[in-house]
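Listing of work26.txt, compact mmCIF, C-alpha atoms
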# COMPACT_ATOMS: atom_id res chain seq x y z
CA MET A 209 1.68 -26.88 7.89
CA LYS A 210 -1.68 -27.00 6.12
CA ASP A 211 -2.60 -23.31 6.01
CA PHE A 212 -1.95 -19.87 7.47
CA GLN A 213 -4.41 -20.33 10.31
CA GLU A 214 -1.98 -22.90 11.64
CA LEU A 215 0.79 -20.31 11.18
CA LEU A 216 -1.14 -17.82 13.31
CA ASP A 217 -1.99 -20.41 15.96
CA ARG A 218 1.64 -21.43 16.35
CA ALA A 219 2.74 -17.79 16.68
CA LYS A 220 0.10 -17.15 19.35
CA GLY A 221 1.51 -20.05 21.31
CA ARG A 222 4.95 -18.42 21.46
CA GLY A 223 3.76 -15.13 22.90
CA GLN A 224 4.50 -11.56 21.82
CA LYS A 225 7.79 -10.73 20.09
CA HIS A 226 9.23 -7.32 19.28
CA CYS A 227 8.58 -6.45 15.62
CA VAL A 228 10.84 -3.54 14.65
CA VAL A 229 9.51 -1.64 11.63
CA ALA A 230 11.59 0.60 9.37
CA CYS A 231 9.51 3.47 7.90
CA ALA A 232 6.27 2.61 9.66
CA GLU A 233 4.17 5.42 8.15
CA ASP A 234 1.86 2.92 6.50
CA PHE A 235 -1.85 2.17 7.04
CA PRO A 236 -1.75 -1.63 6.41
CA THR A 237 1.38 -2.08 8.54
CA ILE A 238 -0.06 -0.24 11.53
CA GLU A 239 -3.38 -2.07 11.19
CA ALA A 240 -1.58 -5.43 10.97
CA LEU A 241 0.52 -4.64 14.04
CA HIS A 242 -2.61 -3.70 15.96
CA GLN A 243 -4.09 -7.09 15.05
CA ALA A 244 -0.83 -8.82 15.97
CA LYS A 245 -0.92 -7.22 19.41
CA GLN A 246 -4.56 -8.24 19.87
CA GLU A 247 -3.64 -11.81 18.89
CA ASN A 248 -0.66 -11.81 21.29
CA ILE A 249 1.78 -12.31 18.39
CA ALA A 250 3.91 -9.14 18.36
CA THR A 251 4.39 -5.63 19.71
CA GLY A 252 5.39 -2.97 17.20
CA ILE A 253 8.52 -0.86 17.65
CA LEU A 254 8.03 1.80 15.00
CA PHE A 255 10.71 3.96 13.36
CA GLY A 256 9.66 6.82 11.08
CA ASP A 257 7.87 10.17 11.05
CA GLN A 258 6.17 10.23 14.45
CA MET A 259 3.48 12.73 13.49
CA ARG A 260 2.43 10.75 10.41
CA ILE A 261 2.45 7.47 12.36
CA GLU A 262 0.25 8.99 15.08
CA ARG A 263 -2.18 10.45 12.51
CA ILE A 264 -2.53 7.05 10.80
CA ALA A 265 -3.15 5.30 14.11
CA GLU A 266 -5.71 7.89 15.14
CA SER A 267 -7.54 7.67 11.81
CA LEU A 268 -7.74 3.88 12.27
CA LYS A 269 -8.91 4.40 15.88
CA ILE A 270 -5.92 2.43 17.15
CA PRO A 271 -4.52 3.49 20.55
CA LEU A 272 -0.98 4.86 20.42
CA THR A 273 -0.23 2.76 23.50
CA ASP A 274 -0.16 -0.25 21.15
CA PHE A 275 3.26 0.88 19.90
CA GLU A 276 6.64 2.23 20.84
CA ILE A 277 7.39 5.06 18.39
CA HIS A 278 10.85 6.44 17.53
CA HIS A 279 10.87 9.60 15.44
CA CYS A 280 13.24 9.73 12.46
CA SER A 281 13.75 12.69 10.15
CA ASP A 282 13.99 10.73 6.90
CA GLU A 283 13.87 7.28 5.30
CA SER A 284 17.59 6.57 5.60
CA GLU A 285 17.62 7.36 9.31
CA ALA A 286 14.54 5.20 9.91
CA VAL A 287 16.12 2.19 8.18
CA ARG A 288 19.46 2.67 9.95
CA GLU A 289 17.97 3.16 13.42
CA ALA A 290 15.53 0.26 13.06
CA ILE A 291 18.38 -2.08 12.11
CA ASN A 292 20.52 -0.82 15.01
CA PHE A 293 17.63 -1.44 17.38
CA VAL A 294 16.84 -4.94 16.16
CA ARG A 295 20.50 -5.92 16.40
CA ALA A 296 20.54 -4.95 20.08
CA ASN A 297 17.00 -5.47 21.35
CA GLY A 298 14.51 -6.63 18.73
CA ASP A 299 13.30 -10.08 17.72
CA PHE A 300 12.78 -9.39 14.03
CA LEU A 301 12.83 -6.56 11.49
CA MET A 302 10.00 -5.58 9.15
CA LYS A 303 9.96 -3.46 6.01
CA GLY A 304 7.43 -0.64 6.10
CA GLN A 305 6.68 2.12 3.59
CA VAL A 306 10.14 2.12 2.04
CA ASN A 307 11.59 1.15 -1.31
CA THR A 308 12.99 -2.39 -1.31
CA ALA A 309 16.40 -1.27 -2.60
CA ALA A 310 16.80 1.31 0.17
CA PHE A 311 15.69 -1.20 2.79
CA LEU A 312 18.04 -3.93 1.57
CA LYS A 313 20.95 -1.48 1.37
CA GLY A 314 20.70 -1.10 5.15
CA VAL A 315 20.16 -4.81 5.81
CA LEU A 316 23.16 -5.76 3.67
CA ASP A 317 25.51 -3.10 5.03
CA GLU A 318 28.70 -4.99 5.93
CA LYS A 319 29.42 -3.00 9.08
CA HIS A 320 26.00 -2.12 10.49
CA GLY A 321 23.63 -4.52 8.71
CA LEU A 322 22.34 -8.00 9.42
CA ARG A 323 24.51 -10.16 7.17
CA GLY A 324 25.00 -13.75 8.34
CA GLU A 325 27.49 -16.43 7.32
CA ARG A 326 25.57 -17.42 4.18
CA ILE A 327 23.99 -15.16 1.60
CA LEU A 328 20.59 -13.74 2.44
CA SER A 329 17.67 -15.04 0.42
CA HIS A 330 13.94 -14.43 0.31
CA VAL A 331 11.40 -17.19 0.94
CA ALA A 332 7.73 -16.67 0.10
CA LEU A 333 5.10 -18.84 1.80
CA LEU A 334 1.83 -19.41 -0.01
CA SER A 335 -1.43 -20.94 1.15
CA LEU A 336 -3.31 -22.03 -1.97
CA PRO A 337 -6.95 -23.12 -2.21
CA SER A 338 -5.85 -25.74 -4.76
CA TYR A 339 -2.96 -27.24 -2.76
CA HIS A 340 -3.04 -29.36 0.38
CA LYS A 341 -0.27 -27.61 2.34
CA VAL A 342 1.75 -24.41 2.58
CA LEU A 343 4.14 -23.96 -0.35
CA PHE A 344 7.58 -22.30 -0.11
CA ILE A 345 9.14 -20.42 -3.08
CA SER A 346 12.71 -19.07 -3.20
CA ASP A 347 14.33 -16.78 -4.25
CA GLY A 348 12.00 -14.22 -5.77
CA GLY A 349 13.06 -11.17 -3.81
CA MET A 350 16.78 -10.84 -3.11
CA ASN A 351 19.48 -12.24 -5.38
CA VAL A 352 19.88 -11.07 -8.97
CA ASP A 353 23.16 -12.66 -10.07
CA LEU A 354 23.10 -16.37 -9.27
CA ASP A 355 26.09 -18.68 -9.50
CA LEU A 356 26.20 -22.26 -8.24
CA ARG A 357 27.40 -21.28 -4.76
CA ARG A 358 24.57 -18.79 -4.32
CA LYS A 359 22.02 -21.34 -5.51
CA ILE A 360 23.33 -23.84 -2.94
CA ASP A 361 22.92 -21.25 -0.17
CA ILE A 362 19.39 -20.43 -1.35
CA VAL A 363 18.49 -24.12 -1.13
CA LYS A 364 20.07 -24.40 2.34
CA ASN A 365 18.24 -21.30 3.60
CA ALA A 366 14.86 -22.54 2.40
CA ILE A 367 15.39 -26.00 3.89
CA GLU A 368 16.49 -24.45 7.18
CA LEU A 369 13.28 -22.40 7.37
CA THR A 370 11.00 -25.35 6.59
CA ARG A 371 12.72 -27.48 9.24
CA PHE A 372 12.36 -24.66 11.75
CA LEU A 373 8.64 -24.66 10.98
CA GLY A 374 8.36 -28.39 11.63
CA ILE A 375 8.86 -30.04 8.23
CA ALA A 376 11.30 -32.81 9.11
CA ARG A 377 12.01 -34.02 5.57
CA PRO A 378 11.27 -31.25 3.07
CA LYS A 379 10.71 -32.11 -0.58
CA VAL A 380 12.43 -29.69 -2.92
CA ALA A 381 11.83 -29.12 -6.64
CA LEU A 382 14.56 -27.29 -8.58
CA LEU A 383 12.55 -25.63 -11.35
CA SER A 384 13.42 -25.23 -14.99
CA ALA A 385 11.60 -25.46 -18.31
CA ILE A 386 12.65 -29.08 -18.84
CA GLU A 387 13.50 -32.21 -16.86
CA ARG A 388 16.90 -32.96 -18.32
CA VAL A 389 20.32 -31.33 -18.46
CA ASN A 390 20.71 -28.97 -21.40
CA LEU A 391 24.02 -27.21 -21.95
CA ASN A 392 22.19 -24.13 -23.23
CA ILE A 393 20.10 -23.78 -20.05
CA THR A 394 22.50 -22.92 -17.23
CA GLU A 395 20.29 -23.80 -14.29
CA THR A 396 19.84 -27.39 -15.49
CA LEU A 397 23.56 -28.00 -14.96
CA ASP A 398 23.49 -26.38 -11.51
CA TRP A 399 20.35 -28.27 -10.50
CA ALA A 400 21.92 -31.56 -11.53
CA ILE A 401 24.91 -30.82 -9.30
CA ILE A 402 22.71 -29.85 -6.34
CA THR A 403 20.60 -32.97 -6.81
CA ARG A 404 23.75 -35.06 -6.72
CA MET A 405 24.88 -33.25 -3.55
CA ALA A 406 21.53 -34.08 -1.95
CA GLU A 407 22.01 -37.76 -2.82
CA GLN A 408 25.27 -37.56 -0.88
CA ALA A 409 23.40 -36.10 2.14
CA GLU A 410 24.91 -32.60 1.78
CA PHE A 411 21.56 -31.06 2.78
CA GLY A 412 20.61 -33.52 5.52
CA ASP A 413 17.39 -35.49 5.48
CA THR A 414 15.64 -34.06 2.44
CA ILE A 415 14.54 -35.08 -1.05
CA ILE A 416 15.75 -32.79 -3.82
CA GLU A 417 14.93 -33.30 -7.50
CA GLY A 418 15.90 -31.24 -10.49
CA PRO A 419 15.77 -29.99 -13.03
CA LEU A 420 11.98 -30.31 -12.95
CA ALA A 421 9.30 -28.51 -14.92
CA LEU A 422 6.47 -27.00 -12.86
CA ASP A 423 3.87 -29.49 -14.12
CA ILE A 424 5.98 -32.42 -12.91
CA ALA A 425 6.34 -30.85 -9.46
CA PHE A 426 2.56 -30.70 -8.99
CA SER A 427 1.05 -33.39 -11.19
CA THR A 428 1.73 -37.11 -10.80
CA GLN A 429 -0.23 -37.61 -14.02
CA SER A 430 2.17 -35.34 -15.91
CA ALA A 431 5.11 -37.25 -14.44
CA GLN A 432 3.62 -40.55 -15.60
CA ILE A 433 2.87 -39.26 -19.10
CA LYS A 434 6.36 -37.80 -19.47
CA LYS A 435 7.87 -40.92 -17.88
CA VAL A 436 9.65 -38.93 -15.18
CA ALA A 437 10.35 -40.97 -12.05
CA SER A 438 9.73 -38.61 -9.13
CA ARG A 439 9.38 -39.09 -5.38
CA ILE A 440 8.04 -35.57 -4.81
CA SER A 441 5.58 -35.02 -7.65
CA GLY A 442 2.26 -33.78 -6.25
CA ASP A 443 3.64 -33.33 -2.72
CA VAL A 444 6.44 -30.76 -3.05
CA ASP A 445 7.22 -28.39 -0.15
CA ILE A 446 9.79 -26.03 -1.69
CA LEU A 447 10.10 -24.60 -5.20
CA ILE A 448 13.57 -23.24 -6.01
CA VAL A 449 13.40 -20.93 -9.01
CA PRO A 450 16.21 -20.22 -11.51
CA SER A 451 15.99 -16.42 -11.25
CA ILE A 452 14.55 -13.60 -9.17
CA ALA A 453 12.20 -12.72 -12.04
CA THR A 454 10.67 -16.18 -12.29
CA GLY A 455 10.26 -16.39 -8.52
CA ASN A 456 8.61 -12.97 -8.26
CA ILE A 457 6.28 -13.62 -11.20
CA LEU A 458 5.35 -17.11 -9.98
CA ALA A 459 4.53 -16.01 -6.42
CA LYS A 460 2.56 -12.90 -7.45
CA GLY A 461 0.80 -14.83 -10.21
CA LEU A 462 -0.40 -17.40 -7.69
CA GLN A 463 -1.42 -14.59 -5.33
CA TYR A 464 -3.38 -12.45 -7.78
CA LEU A 465 -4.65 -15.10 -10.20
CA GLY A 466 -4.67 -18.25 -8.09
CA GLY A 467 -6.19 -16.87 -4.90
CA ALA A 468 -3.12 -17.62 -2.77
CA LYS A 469 -2.54 -16.02 0.59
CA ILE A 470 1.11 -15.05 0.86
CA CYS A 471 3.77 -13.92 3.31
CA GLY A 472 7.53 -13.64 3.05
CA ILE A 473 10.76 -13.50 4.99
CA ILE A 474 14.49 -13.07 4.40
CA VAL A 475 16.50 -16.03 5.65
CA GLY A 476 20.19 -16.14 6.51
CA ALA A 477 20.39 -12.84 8.41
CA LYS A 478 21.40 -12.37 12.04
CA ARG A 479 17.76 -11.58 12.79
CA PRO A 480 14.69 -12.60 10.78
CA VAL A 481 13.71 -9.92 8.27
CA VAL A 482 10.08 -9.68 7.17
CA MET A 483 9.92 -8.16 3.69
CA LEU A 484 6.68 -7.56 1.83
CA SER A 485 5.34 -5.44 -0.99
CA ARG A 486 4.14 -1.97 -0.05
CA ALA A 487 0.89 -2.92 -1.83
CA ASP A 488 0.17 -5.86 0.49
CA THR A 489 -2.96 -5.96 2.62
CA PRO A 490 -3.09 -5.90 6.43
CA GLU A 491 -3.94 -9.61 6.36
CA THR A 492 -0.82 -10.42 4.32
CA LYS A 493 1.31 -8.32 6.65
CA LEU A 494 -0.22 -10.06 9.69
CA PHE A 495 0.77 -13.45 8.26
CA SER A 496 4.33 -12.22 7.74
CA ILE A 497 4.47 -10.85 11.30
CA ALA A 498 3.38 -14.27 12.53
CA LEU A 499 6.16 -15.83 10.43
CA GLY A 500 8.67 -13.37 11.92
CA ASN A 501 7.49 -14.42 15.39
CA LEU A 502 8.11 -18.11 14.61
CA ALA A 503 11.49 -17.49 12.97
CA SER A 504 12.80 -15.27 15.78
Please re-express this file's structure in structure tokens.
Amino acid sequence: MKDFQELLDRAKGRGQKHCVVACAEDFPTIEALHQAKQENIATGILFGDQMRIERIAESLKIPLTDFEIHHCSDESEAVREAINFVRANGDFLMKGQVNTAAFLKGVLDEKHGLRGERILSHVALLSLPSYHKVLFISDGGMNVDLDLRRKIDIVKNAIELTRFLGIARPKVALLSAIERVNLNITETLDWAIITRMAEQAEFGDTIIEGPLALDIAFSTQSAQIKKVASRISGDVDILIVPSIATGNILAKGLQYLGGAKICGIIVGAKRPVVMLSRADTPETKLFSIALGNLAS
């Protein structure tokens, strides 16, 4: 996938899906859903304060017939009812004007949430002016405490998403500050184990290398200078980060300083879950809705 225009084109080809939004009282979300309906990508099923949603739509001159609106008295009810709806009828769930922690509390609820067999993890997709294809980064939005088992699931989730989007043999870089195992840097030990698992075909047809520094992942010249033999340098599909902080900082740094377009999704749930920042633009939200369409 070269860029996000291709993402939109693929979603258009699948027809409209039901995008269920928790706490939809949000200008960019409603504008993005209007665009998604115009592009034949998704129809919005909105949960939240009906009066506020209607006022926002009217101020944007968007017809209320674009949406199906379900009134909820507060944030908790909106999250709960949106999740209940998507479990029974919806194609994918989307985070609206709600705090991430409150949203994820509902998604992760063991009885009424959307937990799958593996852990849930966040994958950000970035379209960069300086890179020749869409880049995937995980996990910068979900998991705080990472052990080896969780890291393995994060790798599996990201690979599963890329394959679903048509990348037959994804190239995965397991990021650290250095390219060798160091007993004082925990992730280098875990990355070495995961790399060995990949060599034994534990992740299917994929190429996984790590630990790798970021410059090696993107620069064949850096790999040559540092004498690192790499089959993925300069052509990586997926970056797996060692912590939620590094993933969040890397993705937002590329977005705000590197001119990247970005969208994101939670993988591993019973339904796709589109999760974005409340500060994101309508364009960013439209890209994520298109991703939800393709993942549903």
Contact check, segment 424-491 of chain A to segment 238-251 of chain A, at most 10 Å, counting only C-alpha atoms, closest pairs as a tab-separated table:
residue	atom	partner	partner_atom	distance
A:Thr489	CA	A:Ala240	CA	8.5
A:Pro490	CA	A:Ala240	CA	4.8
A:Glu491	CA	A:Ala240	CA	6.7
Top pick for closest residue to Gly412 of chain A, considering A:Leu465, A:Leu383, A:Ala498, A:Val363 and counting all atoms listed in the file: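 Under the stated criterion, the closest residue is A:Val363.
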Segment 375-377 of chain A environment, 7 Å, only C-alpha atoms, sequence neighbours closer than 3 positions dropped, as an NGL selection string: :A and (370-371 or 413-414)
For Ala431 of chain A, the nearest of the candidates A:Ile386, A:Ile452, A:Val475, A:Ile446, counting all atoms listed in the file: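 Looking only at the distances to Ala431 of chain A, the closest residue turns out to be A:Ile386.
Computed from the coordinates, the atom CA of Val229 of chain A to atom CA of Leu254 of chain A distance equals 5.0 Å.
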